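Let me begin by presenting the structure, written as structure tokens, before commenting on it.
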Amino acid sequence: MTSSAPAPVLTQDELKALVGRAALDYVPKGEIIGVGTGSTVNKFIEALAGIKDQIRGAVSSSVASTERLRALGIEVFDSNAVDELAVYIDGADEIDGRGYMIKGGGAALTREKIVAAQSKRFVCIADASKLVNTLGAFPLPVEVVPMAARRIMRQFSRLGGLAQVREKDGTPLVTDNGQHIVDVTGLRITDPLGFENEVNRWPGVVEVGVFAHQRASVCLLATSSGVRTMTFG
Ligand code: 5RP
């Protein structure tokens, strides 16, 4: 009788590197691709550098990713210079079994949604801890115009949420778009499409971090026993 050793338990960093490399299979040759933001995407960008001669370049969802891409010799295009992207590759803070996501932990949600909307396919890369039944345990990021922050926070409290302005070094964090982020806890988002529609109607909301209209087409989920692929049609 032979006994096979159990798969080693991978660290969070190793899981991110694993799924970052796996996403290379979704990069079409000779094209410009959409690139997201965050620690998982950083692993993807590192892997992408190894095949940079096979793509034309990228449209980036944040200043941070743009700097990283350029530092590795990958050309970054303005989103207005490109009509449609074949694929957008990005992480998520939460993803459910239908491909709906919460994003914006890195404060880049608005640009992420813009590049996702420009792309035919959204490939979400995440480790298995991001998979949830119902969105809302992760504090929901909402990008807001600063003068509307207090009123928007009151509106969330009417929905049962508790909102606070995200800070960095003791002052409100300023996004790449010059706006603020409100993070909302205590929500259970059972109807992501309806919720996204509703919150995006509130004056002063730049973008809500629920990605329902721009949900994932595919999710590559890293586990210690390999990468699981979920497709959402
Ligand atoms: C940034 C995002 C990220 O995709 C999300 O926060 C996941 O990040 P990480 O890969 O670091 O866990 O939405 O605005």
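Please note that chains go A, B, ... in the order of the structure tokens, that every chain numbers its residues from 1, and that ligands are numbered from 1 in the order shown.
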Q | Picked from range 193-227 of chain A by DSSP as strand (DSSP E), as a list in words | A |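 Output for range 193-227 of chain A, strand (DSSP E) only: Val205, Val206, Glu207, Val208, Val210, Phe211, Val218, Cys219, Leu220, Leu221, Ala222, Thr223, Gly226 and Val227 of chain A.
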Go ahead and write the residues just picked, C-alpha atoms, as an mmCIF file, in the first residue's frame.
```cif
data_model
loop_
_atom_site.group_PDB
_atom_site.id
_atom_site.type_symbol
_atom_site.label_atom_id
_atom_site.label_comp_id
_atom_site.auth_asym_id
_atom_site.auth_seq_id
_atom_site.Cartn_x
_atom_site.Cartn_y
_atom_site.Cartn_z
ATOM 1 C CA VAL A 205 -21.771 58.638 -4.222
ATOM 2 C CA VAL A 206 -19.041 58.302 -6.835
ATOM 3 C CA GLU A 207 -19.196 54.495 -6.845
ATOM 4 C CA VAL A 208 -20.228 51.697 -4.512
ATOM 5 C CA VAL A 210 -20.549 46.139 -4.973
ATOM 6 C CA PHE A 211 -19.661 44.693 -8.375
ATOM 7 C CA VAL A 218 -14.526 33.543 -14.049
ATOM 8 C CA CYS A 219 -12.998 33.232 -10.596
ATOM 9 C CA LEU A 220 -9.664 31.515 -10.028
ATOM 10 C CA LEU A 221 -9.660 30.526 -6.383
ATOM 11 C CA ALA A 222 -6.367 29.496 -4.801
ATOM 12 C CA THR A 223 -6.396 26.688 -2.265
ATOM 13 C CA GLY A 226 -4.512 23.928 -6.257
ATOM 14 C CA VAL A 227 -6.455 26.518 -8.194
#
```
Sorted by chain and rising residue number, which residues of range 57-140 of chain A lie within 10 Å of range 37-48 of chain A, and what are their closest atom pairs and distances in Å to one decimal, counting only C-alpha atoms, as JSON lines?
```
{"residue": "A:Ser60", "atom": "CA", "partner": "A:Thr37", "partner_atom": "CA", "distance": 8.1}
{"residue": "A:Ser61", "atom": "CA", "partner": "A:Thr37", "partner_atom": "CA", "distance": 6.3}
{"residue": "A:Ser62", "atom": "CA", "partner": "A:Thr37", "partner_atom": "CA", "distance": 6.4}
{"residue": "A:Val63", "atom": "CA", "partner": "A:Thr37", "partner_atom": "CA", "distance": 9.1}
{"residue": "A:Ala64", "atom": "CA", "partner": "A:Thr37", "partner_atom": "CA", "distance": 7.4}
{"residue": "A:Ser65", "atom": "CA", "partner": "A:Thr37", "partner_atom": "CA", "distance": 5.9}
{"residue": "A:Thr66", "atom": "CA", "partner": "A:Thr37", "partner_atom": "CA", "distance": 9.3}
{"residue": "A:Arg68", "atom": "CA", "partner": "A:Ile45", "partner_atom": "CA", "distance": 7.6}
{"residue": "A:Leu69", "atom": "CA", "partner": "A:Ile45", "partner_atom": "CA", "distance": 6.7}
{"residue": "A:Leu72", "atom": "CA", "partner": "A:Glu46", "partner_atom": "CA", "distance": 7.9}
{"residue": "A:Ile74", "atom": "CA", "partner": "A:Leu48", "partner_atom": "CA", "distance": 8.7}
{"residue": "A:Ile89", "atom": "CA", "partner": "A:Val41", "partner_atom": "CA", "distance": 7.6}
{"residue": "A:Asp90", "atom": "CA", "partner": "A:Val41", "partner_atom": "CA", "distance": 5.9}
{"residue": "A:Gly91", "atom": "CA", "partner": "A:Thr40", "partner_atom": "CA", "distance": 6.1}
{"residue": "A:Ala92", "atom": "CA", "partner": "A:Gly38", "partner_atom": "CA", "distance": 8.6}
{"residue": "A:Asp93", "atom": "CA", "partner": "A:Gly38", "partner_atom": "CA", "distance": 9.8}
{"residue": "A:Lys103", "atom": "CA", "partner": "A:Thr37", "partner_atom": "CA", "distance": 9.9}
{"residue": "A:Gly104", "atom": "CA", "partner": "A:Thr37", "partner_atom": "CA", "distance": 9.0}
{"residue": "A:Gly105", "atom": "CA", "partner": "A:Gly38", "partner_atom": "CA", "distance": 8.2}
{"residue": "A:Gly106", "atom": "CA", "partner": "A:Gly38", "partner_atom": "CA", "distance": 6.1}
{"residue": "A:Ala107", "atom": "CA", "partner": "A:Thr37", "partner_atom": "CA", "distance": 9.0}
{"residue": "A:Ala108", "atom": "CA", "partner": "A:Thr37", "partner_atom": "CA", "distance": 6.9}
{"residue": "A:Leu109", "atom": "CA", "partner": "A:Thr37", "partner_atom": "CA", "distance": 8.9}
{"residue": "A:Arg111", "atom": "CA", "partner": "A:Thr37", "partner_atom": "CA", "distance": 9.6}
{"residue": "A:Glu112", "atom": "CA", "partner": "A:Thr37", "partner_atom": "CA", "distance": 7.7}
{"residue": "A:Cys124", "atom": "CA", "partner": "A:Val41", "partner_atom": "CA", "distance": 9.6}
{"residue": "A:Ile125", "atom": "CA", "partner": "A:Thr40", "partner_atom": "CA", "distance": 7.0}
{"residue": "A:Ala126", "atom": "CA", "partner": "A:Thr40", "partner_atom": "CA", "distance": 6.8}
{"residue": "A:Asp127", "atom": "CA", "partner": "A:Thr40", "partner_atom": "CA", "distance": 8.5}
```
Q: Determine which residues of range 56-162 of chain A DSSP labels as alpha helix (DSSP H) from the backbone of this structure, then write them out as a ChimeraX atom specification.
A: /A:63-71,109-117,149-158
Q: Using only C-alpha atoms, pick whichever of A:Met101, A:Leu187, A:Leu162, A:Ile152 has the shortest atom-to-atom distance to Lys130 in chain A.
A: A:Met101
Q: For Val165 in chain A, list every protein, DNA or RNA residue within 9 Å, evaluated using only C-alpha atoms, and leave out those in the same chain fewer than 5 positions away; present the list as a ChimeraX atom specification.
A: /A:149-150,153,172-173,180-184
Could you write those residues out with C-alpha atoms, as a PDB file, in the first residue's frame?
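Printed below is part.pdb as written:
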```
ATOM      1  CA  ALA A 149     -19.924  61.942   3.345  1.00  0.00           C
ATOM      2  CA  ARG A 150     -22.005  62.650   6.483  1.00  0.00           C
ATOM      3  CA  MET A 153     -23.233  57.742   6.285  1.00  0.00           C
ATOM      4  CA  PRO A 172      -9.266  61.006   5.536  1.00  0.00           C
ATOM      5  CA  LEU A 173      -7.691  58.871   2.837  1.00  0.00           C
ATOM      6  CA  HIS A 180     -12.928  59.939   0.137  1.00  0.00           C
ATOM      7  CA  ILE A 181     -13.883  56.376   1.052  1.00  0.00           C
ATOM      8  CA  VAL A 182     -16.657  55.436   3.461  1.00  0.00           C
ATOM      9  CA  ASP A 183     -16.486  51.856   4.791  1.00  0.00           C
ATOM     10  CA  VAL A 184     -19.755  50.287   5.915  1.00  0.00           C
TER      11      VAL A 184
END
```
**Q.** Length of the CA of Val27 in chain A to atom 1 (C, counted along the ligand's line) of ligand 1 vector [Å]
**A.** 20.2 Å
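Distances here use only C-alpha atoms and all ligand atoms; by that measure, the residue among A:Ser224, A:Thr110, A:Thr185, A:Ser79 closest to ligand 1 is A:Thr110.
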Q: Could you tell me how far CA of Arg158 in chain A lies from CA of Arg201 in chain A, in Å and to one decimal?
A: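 Separation between CA of Arg158 in chain A and CA of Arg201 in chain A: 15.6 Å.
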(Q) Using only C-alpha atoms for the distances, tell me which of A:Gly36, A:Gly73, A:Gly136, A:Pro146 is nearest to Thr190 in chain A. (A) A:Gly136
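Between CA of Val35 in chain A and CA of Val87 in chain A there is a distance of 8.6 Å.
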Q: Find the residues around Ala216 in chain A up to 6 Å (only C-alpha atoms counted), leave out those fewer than 4 positions away in its own chain, and share them as a ChimeraX atom specification.
A: /A:99,122-124
Q: Measuring atom to atom with only C-alpha atoms and all ligand atoms, identify which of A:Pro203, A:Gly209, A:Gly30, A:Gly161 is nearest to ligand 1.
A: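 Distance minimum relative to ligand 1 lands on A:Gly209.
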